[in-house]
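Text of the file data-v7.cif, holding mmCIF, C-alpha atoms and all ligand atoms:
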```
data_upload
#
loop_
_atom_site.group_PDB
_atom_site.id
_atom_site.type_symbol
_atom_site.label_atom_id
_atom_site.label_comp_id
_atom_site.auth_asym_id
_atom_site.auth_seq_id
_atom_site.Cartn_x
_atom_site.Cartn_y
_atom_site.Cartn_z
ATOM 1 C CA MET T 94 2.908 4.185 -12.451
ATOM 2 C CA PRO T 95 2.928 2.560 -9.026
ATOM 3 C CA VAL T 96 5.041 5.305 -7.410
ATOM 4 C CA ASP T 97 3.121 8.558 -6.881
ATOM 5 C CA ARG T 98 5.656 11.015 -5.491
ATOM 6 C CA LEU T 99 8.953 11.706 -3.756
ATOM 7 C CA ALA T 100 8.139 11.685 -0.033
ATOM 8 C CA TYR T 101 11.334 12.334 1.952
ATOM 9 C CA LEU T 102 15.097 12.126 2.050
ATOM 10 C CA GLY T 103 17.246 10.942 4.953
ATOM 11 C CA VAL T 104 20.897 11.917 5.337
ATOM 12 C CA GLU T 105 23.461 10.873 7.933
ATOM 13 C CA THR T 106 25.815 13.657 8.908
ATOM 14 C CA ALA T 107 28.570 14.569 11.352
ATOM 15 C CA ARG T 108 27.644 18.240 10.804
ATOM 16 C CA ILE T 109 24.277 18.735 12.501
ATOM 17 C CA ALA T 110 25.195 22.207 13.813
ATOM 18 C CA GLU T 111 26.295 23.348 10.322
ATOM 19 C CA TRP T 112 23.080 21.935 8.868
ATOM 20 C CA GLN T 113 20.992 23.792 11.426
ATOM 21 C CA ASP T 114 22.657 27.058 10.500
ATOM 22 C CA PHE T 115 22.478 26.302 6.752
ATOM 23 C CA ALA T 116 18.783 25.367 6.826
ATOM 24 C CA THR T 117 17.863 28.420 8.877
ATOM 25 C CA THR T 118 20.005 31.020 7.137
ATOM 26 C CA ILE T 119 19.934 29.883 3.511
ATOM 27 C CA LEU T 120 16.836 27.705 3.064
ATOM 28 C CA GLY T 121 14.491 29.733 5.290
ATOM 29 C CA LEU T 122 13.485 26.709 7.366
ATOM 30 C CA ALA T 123 12.967 26.366 11.098
ATOM 31 C CA ALA T 124 15.476 23.742 12.174
ATOM 32 C CA PRO T 125 15.023 22.673 15.788
ATOM 33 C CA VAL T 126 17.374 19.851 16.834
ATOM 34 C CA GLY T 127 15.494 17.020 18.570
ATOM 35 C CA ALA T 128 16.480 15.417 21.884
ATOM 36 C CA ASP T 129 18.242 12.601 19.991
ATOM 37 C CA GLY T 130 20.252 15.108 17.947
ATOM 38 C CA THR T 131 18.174 14.601 14.797
ATOM 39 C CA LEU T 132 17.219 17.546 12.623
ATOM 40 C CA HIS T 133 13.786 17.361 10.987
ATOM 41 C CA LEU T 134 13.352 19.886 8.194
ATOM 42 C CA ARG T 135 9.716 20.608 7.384
ATOM 43 C CA LEU T 136 8.496 22.199 4.148
ATOM 44 C CA ASP T 137 4.783 21.486 4.538
ATOM 45 C CA GLY T 138 2.372 19.466 6.700
ATOM 46 C CA LYS T 139 4.536 16.330 6.695
ATOM 47 C CA PRO T 140 6.621 15.536 9.826
ATOM 48 C CA PHE T 141 9.722 16.209 7.704
ATOM 49 C CA ARG T 142 10.824 16.262 4.094
ATOM 50 C CA LEU T 143 14.540 16.114 4.934
ATOM 51 C CA VAL T 144 15.866 14.393 8.025
ATOM 52 C CA LEU T 145 19.471 14.769 9.173
ATOM 53 C CA THR T 146 20.564 12.005 11.520
ATOM 54 C CA PRO T 147 23.792 12.278 13.529
ATOM 55 C CA GLY T 148 26.521 10.001 12.152
ATOM 56 C CA THR T 149 30.266 9.803 11.680
ATOM 57 C CA GLU T 150 30.348 10.695 7.977
ATOM 58 C CA GLU T 151 28.286 12.405 5.279
ATOM 59 C CA LYS T 152 26.099 9.881 3.507
ATOM 60 C CA LEU T 153 22.667 9.396 2.047
ATOM 61 C CA GLY T 154 20.477 7.405 4.421
ATOM 62 C CA CYS T 155 17.352 6.795 2.351
ATOM 63 C CA VAL T 156 15.070 8.155 -0.325
ATOM 64 C CA GLY T 157 11.362 7.661 0.401
ATOM 65 C CA TRP T 158 8.814 7.252 -2.411
ATOM 66 C CA GLU T 159 5.096 7.293 -1.645
ATOM 67 C CA ILE T 160 2.533 4.953 -3.170
ATOM 68 C CA ASP T 161 -1.102 5.964 -2.600
ATOM 69 C CA ASP T 162 -2.665 2.566 -3.225
ATOM 70 C CA ALA T 163 -1.757 0.064 -0.470
ATOM 71 C CA ALA T 164 -2.589 -2.926 -2.711
ATOM 72 C CA GLN T 165 -0.313 -1.529 -5.433
ATOM 73 C CA LEU T 166 2.511 -1.171 -2.896
ATOM 74 C CA LEU T 167 2.136 -4.824 -1.914
ATOM 75 C CA SER T 168 2.054 -6.021 -5.516
ATOM 76 C CA LEU T 169 5.160 -3.949 -6.271
ATOM 77 C CA VAL T 170 6.921 -5.547 -3.291
ATOM 78 C CA GLU T 171 5.922 -8.985 -4.616
ATOM 79 C CA GLU T 172 7.253 -8.105 -8.048
ATOM 80 C CA LEU T 173 10.553 -6.843 -6.634
ATOM 81 C CA SER T 174 10.937 -10.061 -4.645
ATOM 82 C CA ALA T 175 10.093 -12.153 -7.722
ATOM 83 C CA ARG T 176 12.927 -10.373 -9.545
ATOM 84 C CA GLY T 177 15.277 -11.569 -6.821
ATOM 85 C CA LEU T 178 15.618 -8.267 -4.974
ATOM 86 C CA ASP T 179 15.832 -8.232 -1.194
ATOM 87 C CA VAL T 180 12.838 -6.301 0.124
ATOM 88 C CA ALA T 181 12.470 -5.847 3.883
ATOM 89 C CA ALA T 182 9.398 -4.542 5.694
ATOM 90 C CA GLY T 183 10.091 -1.530 7.908
ATOM 91 C CA SER T 184 9.317 -1.956 11.620
ATOM 92 C CA ALA T 185 6.507 -0.159 13.440
ATOM 93 C CA ALA T 186 9.188 2.135 14.895
ATOM 94 C CA ASP T 187 10.502 2.929 11.366
ATOM 95 C CA CYS T 188 6.969 3.768 10.226
ATOM 96 C CA ALA T 189 6.315 5.954 13.281
ATOM 97 C CA ASP T 190 9.631 7.721 12.708
ATOM 98 C CA ARG T 191 8.713 8.623 9.121
ATOM 99 C CA GLY T 192 5.031 9.272 9.795
ATOM 100 C CA VAL T 193 3.832 6.550 7.402
ATOM 101 C CA ASP T 194 1.498 3.557 7.757
ATOM 102 C CA ARG T 195 3.730 1.049 5.983
ATOM 103 C CA LEU T 196 7.157 0.953 4.444
ATOM 104 C CA PHE T 197 9.369 -1.491 2.581
ATOM 105 C CA ARG T 198 13.076 -1.131 1.924
ATOM 106 C CA CYS T 199 15.271 -2.230 -0.951
ATOM 107 C CA ILE T 200 18.604 -1.198 -2.464
ATOM 108 C CA ASP T 201 19.061 0.328 -5.932
ATOM 109 C CA PRO T 202 21.959 -0.635 -8.271
ATOM 110 C CA ASP T 203 24.215 2.106 -6.846
ATOM 111 C CA GLY T 204 23.575 0.958 -3.260
ATOM 112 C CA ASN T 205 21.114 3.694 -2.274
ATOM 113 C CA THR T 206 18.407 2.707 0.206
ATOM 114 C CA VAL T 207 14.984 3.062 -1.383
ATOM 115 C CA GLU T 208 11.960 3.210 0.931
ATOM 116 C CA LEU T 209 8.558 2.549 -0.622
ATOM 117 C CA CYS T 210 5.920 3.894 1.727
ATOM 118 C CA HIS T 211 2.179 4.291 2.057
ATOM 119 C CA GLY T 212 0.016 6.585 4.196
ATOM 120 C CA HIS T 213 2.344 9.561 4.630
ATOM 121 C CA ARG T 214 0.568 11.546 7.333
ATOM 122 C CA ASP T 215 0.291 15.285 7.898
ATOM 123 C CA LEU T 216 0.830 16.844 11.306
ATOM 124 C CA ALA T 217 -1.835 19.121 12.752
ATOM 125 C CA GLU T 218 0.632 22.036 13.007
ATOM 126 C CA ALA T 219 1.777 23.941 9.932
ATOM 127 C CA PRO T 220 5.549 24.168 9.488
ATOM 128 C CA ALA T 221 7.431 27.145 10.878
ATOM 129 C CA PHE T 222 9.911 28.986 8.667
ATOM 130 C CA SER T 223 12.870 31.124 9.704
ATOM 131 C CA ARG T 224 11.667 34.034 7.560
ATOM 132 C CA PRO T 225 8.263 34.852 6.044
ATOM 133 C CA ILE T 226 8.515 32.755 2.894
ATOM 134 C CA GLY T 227 5.359 31.784 1.002
ATOM 135 C CA GLY T 228 5.873 28.040 1.350
ATOM 136 C CA PHE T 229 6.863 25.148 -0.872
ATOM 137 C CA LYS T 230 5.098 23.556 -3.808
ATOM 138 C CA THR T 231 4.732 19.933 -2.711
ATOM 139 C CA GLY T 232 1.263 18.276 -2.564
ATOM 140 C CA GLU T 233 0.591 15.755 -5.335
ATOM 141 C CA CYS T 234 4.079 16.422 -6.751
ATOM 142 C CA GLY T 235 5.828 15.564 -3.483
ATOM 143 C CA LEU T 236 9.016 16.915 -1.962
ATOM 144 C CA GLY T 237 10.604 18.015 -5.230
ATOM 145 C CA HIS T 238 13.184 16.093 -7.208
ATOM 146 C CA VAL T 239 16.284 14.118 -6.435
ATOM 147 C CA VAL T 240 19.251 13.719 -8.803
ATOM 148 C CA PHE T 241 21.896 11.025 -8.563
ATOM 149 C CA GLY T 242 25.350 11.189 -10.097
ATOM 150 C CA THR T 243 26.236 7.744 -11.389
ATOM 151 C CA THR T 244 29.087 6.185 -13.362
ATOM 152 C CA ASP T 245 26.640 4.237 -15.530
ATOM 153 C CA ILE T 246 23.130 5.588 -16.078
ATOM 154 C CA LEU T 247 21.754 2.415 -17.653
ATOM 155 C CA PRO T 248 21.470 0.064 -14.628
ATOM 156 C CA MET T 249 19.989 2.880 -12.523
ATOM 157 C CA SER T 250 17.470 3.935 -15.182
ATOM 158 C CA ASP T 251 16.586 0.300 -15.818
ATOM 159 C CA PHE T 252 15.836 -0.253 -12.119
ATOM 160 C CA TYR T 253 13.721 2.873 -11.719
ATOM 161 C CA GLU T 254 11.971 2.666 -15.117
ATOM 162 C CA ALA T 255 11.532 -1.056 -15.809
ATOM 163 C CA VAL T 256 11.178 -2.199 -12.203
ATOM 164 C CA LEU T 257 9.623 0.726 -10.304
ATOM 165 C CA GLY T 258 7.666 2.159 -13.243
ATOM 166 C CA PHE T 259 9.129 5.675 -13.494
ATOM 167 C CA ARG T 260 8.591 7.228 -16.937
ATOM 168 C CA LEU T 261 11.102 8.992 -19.131
ATOM 169 C CA SER T 262 10.638 12.762 -19.567
ATOM 170 C CA ASP T 263 13.742 13.508 -21.638
ATOM 171 C CA TYR T 264 17.434 12.764 -21.955
ATOM 172 C CA THR T 265 20.550 14.464 -23.232
ATOM 173 C CA ALA T 266 24.243 13.841 -23.985
ATOM 174 C CA GLU T 267 25.833 17.287 -23.578
ATOM 175 C CA PRO T 268 27.413 18.887 -21.578
ATOM 176 C CA PHE T 269 26.995 15.682 -19.539
ATOM 177 C CA PRO T 270 24.792 12.634 -20.155
ATOM 178 C CA ALA T 271 21.542 12.953 -18.196
ATOM 179 C CA ARG T 272 18.168 11.208 -18.005
ATOM 180 C CA PHE T 273 15.043 12.737 -16.409
ATOM 181 C CA LEU T 274 12.120 10.673 -15.071
ATOM 182 C CA HIS T 275 8.628 11.547 -13.842
ATOM 183 C CA VAL T 276 5.947 9.886 -11.712
ATOM 184 C CA ASN T 277 3.408 12.760 -11.591
ATOM 185 C CA PRO T 278 2.940 16.175 -13.272
ATOM 186 C CA ARG T 279 6.307 17.431 -12.006
ATOM 187 C CA HIS T 280 8.573 17.301 -15.093
ATOM 188 C CA HIS T 281 11.042 15.139 -13.210
ATOM 189 C CA SER T 282 11.017 13.711 -9.712
ATOM 190 C CA LEU T 283 14.239 11.790 -10.350
ATOM 191 C CA ALA T 284 17.200 12.222 -12.699
ATOM 192 C CA PHE T 285 20.588 10.690 -13.314
ATOM 193 C CA ILE T 286 23.670 12.438 -14.572
ATOM 194 C CA ARG T 287 26.972 10.778 -15.375
ATOM 195 C CA THR T 288 29.675 11.598 -12.820
ATOM 196 C CA PRO T 289 33.067 9.997 -12.028
ATOM 197 C CA GLN T 290 31.711 8.600 -8.720
ATOM 198 C CA PRO T 291 28.181 7.589 -7.727
ATOM 199 C CA ARG T 292 26.706 10.132 -5.318
ATOM 200 C CA LEU T 293 23.659 12.116 -4.334
ATOM 201 C CA HIS T 294 24.012 15.105 -6.658
ATOM 202 C CA HIS T 295 21.185 17.391 -5.535
ATOM 203 C CA VAL T 296 17.678 17.668 -4.218
ATOM 204 C CA MET T 297 15.335 20.353 -5.572
ATOM 205 C CA ILE T 298 12.770 22.162 -3.436
ATOM 206 C CA GLU T 299 10.331 24.525 -5.154
ATOM 207 C CA LEU T 300 9.049 27.794 -3.704
ATOM 208 C CA TYR T 301 5.651 29.310 -4.500
ATOM 209 C CA ALA T 302 7.184 32.786 -4.743
ATOM 210 C CA LEU T 303 9.983 33.756 -7.139
ATOM 211 C CA ASP T 304 10.943 36.525 -4.728
ATOM 212 C CA ASP T 305 11.679 33.935 -2.038
ATOM 213 C CA VAL T 306 14.266 32.414 -4.383
ATOM 214 C CA GLY T 307 15.816 35.822 -5.057
ATOM 215 C CA GLN T 308 15.866 36.728 -1.376
ATOM 216 C CA ALA T 309 17.545 33.389 -0.532
ATOM 217 C CA TYR T 310 20.053 34.111 -3.321
ATOM 218 C CA ASP T 311 20.915 37.391 -1.597
ATOM 219 C CA ARG T 312 21.530 35.467 1.625
ATOM 220 C CA ALA T 313 23.628 32.852 -0.152
ATOM 221 C CA GLN T 314 25.762 35.505 -1.851
ATOM 222 C CA LEU T 315 26.847 36.727 1.587
ATOM 223 C CA ARG T 316 28.561 33.324 1.815
ATOM 224 C CA ASP T 317 29.844 33.175 -1.721
ATOM 225 C CA GLU T 318 31.397 29.721 -1.265
ATOM 226 C CA VAL T 319 27.991 28.047 -0.796
ATOM 227 C CA ILE T 320 26.734 28.978 -4.284
ATOM 228 C CA ALA T 321 27.465 25.900 -6.405
ATOM 229 C CA VAL T 322 25.380 26.979 -9.411
ATOM 230 C CA THR T 323 24.452 30.602 -10.054
ATOM 231 C CA LEU T 324 20.889 31.779 -10.692
ATOM 232 C CA GLY T 325 19.571 30.519 -14.023
ATOM 233 C CA ARG T 326 16.665 28.850 -15.822
ATOM 234 C CA HIS T 327 16.479 25.252 -16.999
ATOM 235 C CA THR T 328 15.479 24.370 -20.561
ATOM 236 C CA ASN T 329 13.568 21.190 -19.777
ATOM 237 C CA ASP T 330 11.517 21.887 -16.629
ATOM 238 C CA PHE T 331 11.684 25.720 -16.963
ATOM 239 C CA MET T 332 12.779 25.997 -13.304
ATOM 240 C CA THR T 333 14.380 29.288 -12.275
ATOM 241 C CA SER T 334 16.820 28.308 -9.552
ATOM 242 C CA PHE T 335 20.220 28.429 -7.963
ATOM 243 C CA TYR T 336 22.100 25.635 -6.207
ATOM 244 C CA VAL T 337 23.800 25.739 -2.827
ATOM 245 C CA ALA T 338 26.333 23.270 -1.443
ATOM 246 C CA THR T 339 25.008 21.698 1.756
ATOM 247 C CA PRO T 340 27.277 20.868 4.721
ATOM 248 C CA SER T 341 27.115 17.225 3.534
ATOM 249 C CA GLY T 342 28.544 18.040 0.090
ATOM 250 C CA PHE T 343 25.506 17.426 -2.104
ATOM 251 C CA MET T 344 23.554 20.433 -3.359
ATOM 252 C CA VAL T 345 20.082 21.844 -2.778
ATOM 253 C CA GLU T 346 18.466 23.402 -5.850
ATOM 254 C CA TYR T 347 16.221 26.237 -4.641
ATOM 255 C CA GLY T 348 13.722 26.873 -7.415
ATOM 256 C CA TRP T 349 10.556 28.464 -8.695
ATOM 257 C CA GLY T 350 8.212 28.010 -11.657
ATOM 258 C CA GLY T 351 8.735 24.390 -12.701
ATOM 259 C CA ARG T 352 6.461 23.238 -15.494
ATOM 260 C CA MET T 353 3.668 20.703 -14.936
ATOM 261 C CA ILE T 354 3.299 18.021 -17.591
ATOM 262 C CA ASP T 355 0.455 15.640 -18.429
ATOM 263 C CA PRO T 356 2.006 12.257 -17.612
ATOM 264 C CA ASP T 357 -0.605 10.423 -19.703
ATOM 265 C CA SER T 358 0.198 12.177 -22.961
ATOM 266 C CA TRP T 359 3.862 13.137 -22.488
ATOM 267 C CA GLN T 360 6.213 11.878 -25.193
ATOM 268 C CA PRO T 361 9.881 11.528 -24.180
ATOM 269 C CA ILE T 362 12.362 13.511 -26.237
ATOM 270 C CA ALA T 363 16.107 13.881 -26.722
ATOM 271 C CA THR T 364 17.185 17.437 -25.895
ATOM 272 C CA THR T 365 20.155 19.144 -27.533
ATOM 273 C CA GLU T 366 20.005 22.802 -26.480
ATOM 274 C CA GLY T 367 21.840 22.361 -23.149
ATOM 275 C CA PRO T 368 20.505 22.318 -19.603
ATOM 276 C CA SER T 369 19.912 26.059 -19.151
ATOM 277 C CA LEU T 370 18.336 28.934 -21.097
ATOM 278 C CA TRP T 371 20.566 31.362 -19.208
ATOM 279 C CA GLY T 372 22.681 31.452 -16.049
ATOM 280 C CA HIS T 373 23.433 28.297 -14.022
ATOM 281 C CA GLU T 374 27.212 28.665 -14.101
ATOM 282 C CA ARG T 375 28.168 25.284 -12.613
ATOM 283 C CA ARG T 376 31.048 25.500 -10.186
ATOM 284 C CA TRP T 377 30.866 21.734 -9.551
ATOM 285 C CA LEU T 378 31.535 20.907 -13.208
ATOM 286 C CA PRO T 379 35.080 20.409 -14.635
ATOM 287 C CA GLU T 380 36.185 23.444 -16.661
ATOM 288 C CA ALA T 381 36.037 21.695 -20.068
ATOM 289 C CA GLN T 382 32.365 20.795 -19.559
ATOM 290 C CA ARG T 383 31.609 24.222 -18.075
ATOM 291 C CA ALA T 384 32.950 25.737 -21.282
ATOM 292 C CA ILE T 385 30.637 23.492 -23.348
ATOM 293 C CA ALA T 386 27.661 24.457 -21.145
ATOM 294 C CA ARG T 387 28.529 28.151 -21.545
ATOM 295 C CA GLU T 388 28.800 27.769 -25.327
ATOM 296 C CA MET T 389 25.393 26.029 -25.424
ATOM 297 C CA ARG T 390 23.813 28.905 -23.457
ATOM 298 C CA LEU T 391 25.258 31.454 -25.843
ATOM 299 C CA ARG T 392 23.889 29.455 -28.797
ATOM 300 C CA ALA T 393 20.471 29.268 -27.091
ATOM 301 C CA ALA T 394 20.498 33.057 -26.746
ATOM 302 C CA GLU T 395 21.586 33.524 -30.372
ATOM 303 C CA ALA T 396 18.672 31.303 -31.423
ATOM 304 C CA GLY T 397 16.238 33.298 -29.264
ATOM 305 C CA LEU T 398 15.325 30.251 -27.179
ATOM 306 C CA LYS T 399 12.776 31.168 -24.492
ATOM 307 C CA ALA T 400 9.923 29.591 -22.567
ATOM 308 C CA ALA T 401 6.684 30.900 -21.056
ATOM 309 C CA VAL T 402 6.766 31.638 -17.330
ATOM 310 C CA GLN T 403 4.944 28.911 -15.390
ATOM 311 C CA VAL T 404 2.786 30.447 -12.667
ATOM 312 C CA THR T 405 1.042 28.131 -10.217
ATOM 313 C CA ASP T 406 -2.746 28.521 -10.046
ATOM 314 C CA GLY T 407 -3.753 30.201 -6.803
ATOM 315 C CA PHE T 408 -0.278 31.663 -6.351
ATOM 316 C CA PHE T 409 -1.528 34.873 -4.741
ATOM 317 C CA ASP T 410 -3.851 32.939 -2.423
ATOM 318 C CA VAL T 411 -0.847 31.038 -1.151
ATOM 319 C CA VAL T 412 1.741 33.773 -0.749
ATOM 320 C CA GLY T 413 -0.340 36.914 -0.501
ATOM 321 C CA GLY T 414 0.389 39.997 -2.584
HETATM 322 FE FE FE T 501 17.482 19.847 -10.534
#
```

Write out the structure in this file as structure tokens.
Amino acid sequence: MPVDRLAYLGVETARIAEWQDFATTILGLAAPVGADGTLHLRLDGKPFRLVLTPGTEEKLGCVGWEIDDAAQLLSLVEELSARGLDVAAGSAADCADRGVDRLFRCIDPDGNTVELCHGHRDLAEAPAFSRPIGGFKTGECGLGHVVFGTTDILPMSDFYEAVLGFRLSDYTAEPFPARFLHVNPRHHSLAFIRTPQPRLHHVMIELYALDDVGQAYDRAQLRDEVIAVTLGRHTNDFMTSFYVATPSGFMVEYGWGGRMIDPDSWQPIATTEGPSLWGHERRWLPEAQRAIAREMRLRAAEAGLKAAVQVTDGFFDVVGG
């Protein structure tokens, strides 16, 4: 797999002030606005994992994917060009802005800007948080995962799987068609679900401490309208999470306890038990599909479906306790 991990996400927004409040209050992040009006959200040592750039509308700017081996990055760029794709090298200023040594840009079938980068640097200073959370599980697994809504999954999955080398984790048809892809031990770093319009659906960030998720859920419930999906647990990656609507319209999944897979031995499967073991009432989903999802959860409970809790090694060293 040439791509090693999800590195960063860039979003253009007319709602920087709302984002600052949202990131601080709900996500637990320090969110200082820079002199140019840009908001860099840090989860770990990287200069940012999410960057909000002032604009006139809400739109995805870029999704950055890191490739550890510089030679592999260059051969991937050659292969993309040979397939007739436009690939442009990022300028020195682009690289400095993202904190990477090199970057190349291309466009996926839905028009999203993909940035393939190498040499994603850490800053000397640790990130500050707005409350004493235990930090985010990133490292070799990267930022988390990103999910696109798309009208046709096939061209998108073909681009990311056949061209960029992502591997299939699993796929499902109900309550909505979805396809989950991995590039490292995180069960999925990328997924597609079928939606009426193509859009950024959500980005998942994973906490080390389950209690940080619960305490953020308390905060979110004080603003009931931001909860887009209630607390629940996923059947495929075992993530316990809830989803909040960001000021830009897409969601952030705030999670804990995602499973780690062995990418070398993993066999892709079709899943039929629904997306969640319990919870995850999806306010974004049309009522007919919500009813199907609810029915699938009740069937999962009737069948006694459950999964072992996934605790990260060294958890107490990281968060204390
Ligand atoms: Fe997710």

Would you tabulate, counting all atoms listed in the file, all residues of stretch 202-250 of chain T that have an atom at most 12 Å from an atom of stretch 185-195 of chain T, showing the closest pair of atoms and their distance in Å to one decimal, sorted by chain then ascending number, as a tab-separated table?
```
residue	atom	partner	partner_atom	distance
T:Glu208	CA	T:Arg195	CA	9.9
T:Leu209	CA	T:Arg195	CA	8.3
T:Cys210	CA	T:Arg195	CA	5.6
T:His211	CA	T:Arg195	CA	5.3
T:Gly212	CA	T:Asp194	CA	4.9
T:His213	CA	T:Val193	CA	4.4
T:Arg214	CA	T:Gly192	CA	5.6
T:Asp215	CA	T:Gly192	CA	7.9
T:Leu216	CA	T:Gly192	CA	8.8
```

Near-ligand residues for ligand FE 501 (chain T), threshold 12 Å, all atoms listed in the file, as a ChimeraX atom specification: /T:237-242,271-274,279-286,293-299,322,325-337,343-349,351,368-369,373

Selection: 12 Å around T:Val256, only C-alpha atoms, excl. self and same-chain fewer than 3 positions, as a ChimeraX atom specification: /T:94-96,168-178,199,201-202,248-253,259-260

Neighbour residues at most 7 Å from (29.0, 13.1, 3.7) (all atoms listed in the file) as a ChimeraX atom specification: /T:106,150-152,341-342

Pick out the residues sitting within 8 Å of T:Asn205, and hand them over as a PDB file with C-alpha atoms, keeping the file's coordinate frame; count all atoms listed in the file, and ignore anything fewer than 3 positions along from it in its own chain.
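Dumped everything to out-v4.pdb:
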```pdb
ATOM      1  CA  LEU T 153      22.667   9.396   2.047  1.00  0.00           C
ATOM      2  CA  GLY T 154      20.477   7.405   4.421  1.00  0.00           C
ATOM      3  CA  CYS T 155      17.352   6.795   2.351  1.00  0.00           C
ATOM      4  CA  VAL T 156      15.070   8.155  -0.325  1.00  0.00           C
ATOM      5  CA  ILE T 200      18.604  -1.198  -2.464  1.00  0.00           C
ATOM      6  CA  ASP T 201      19.061   0.328  -5.932  1.00  0.00           C
ATOM      7  CA  PRO T 202      21.959  -0.635  -8.271  1.00  0.00           C
TER       8      PRO T 202
END
```

Given only C-alpha atoms as the counted atoms, nearest of T:Leu136, T:Ile385, T:Val276, T:Val180 to T:Ile226: T:Leu136

Six-sided padding of 5 Å per side, axis-aligned box over stretch 125-140 of chain T, centre and edges in Å, one decimal, as AutoDock Vina command-line options:
```
--center_x 11.3 --center_y 17.6 --center_z 13.0 --size_x 27.9 --size_y 20.1 --size_z 27.7
```

From T:Ile160, T:Ala221, T:Leu236, T:Ile320, residue lying nearest T:Leu99 [all atoms listed in the file]: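 Using all atoms listed in the file, the shortest distance to T:Leu99 belongs to T:Leu236.
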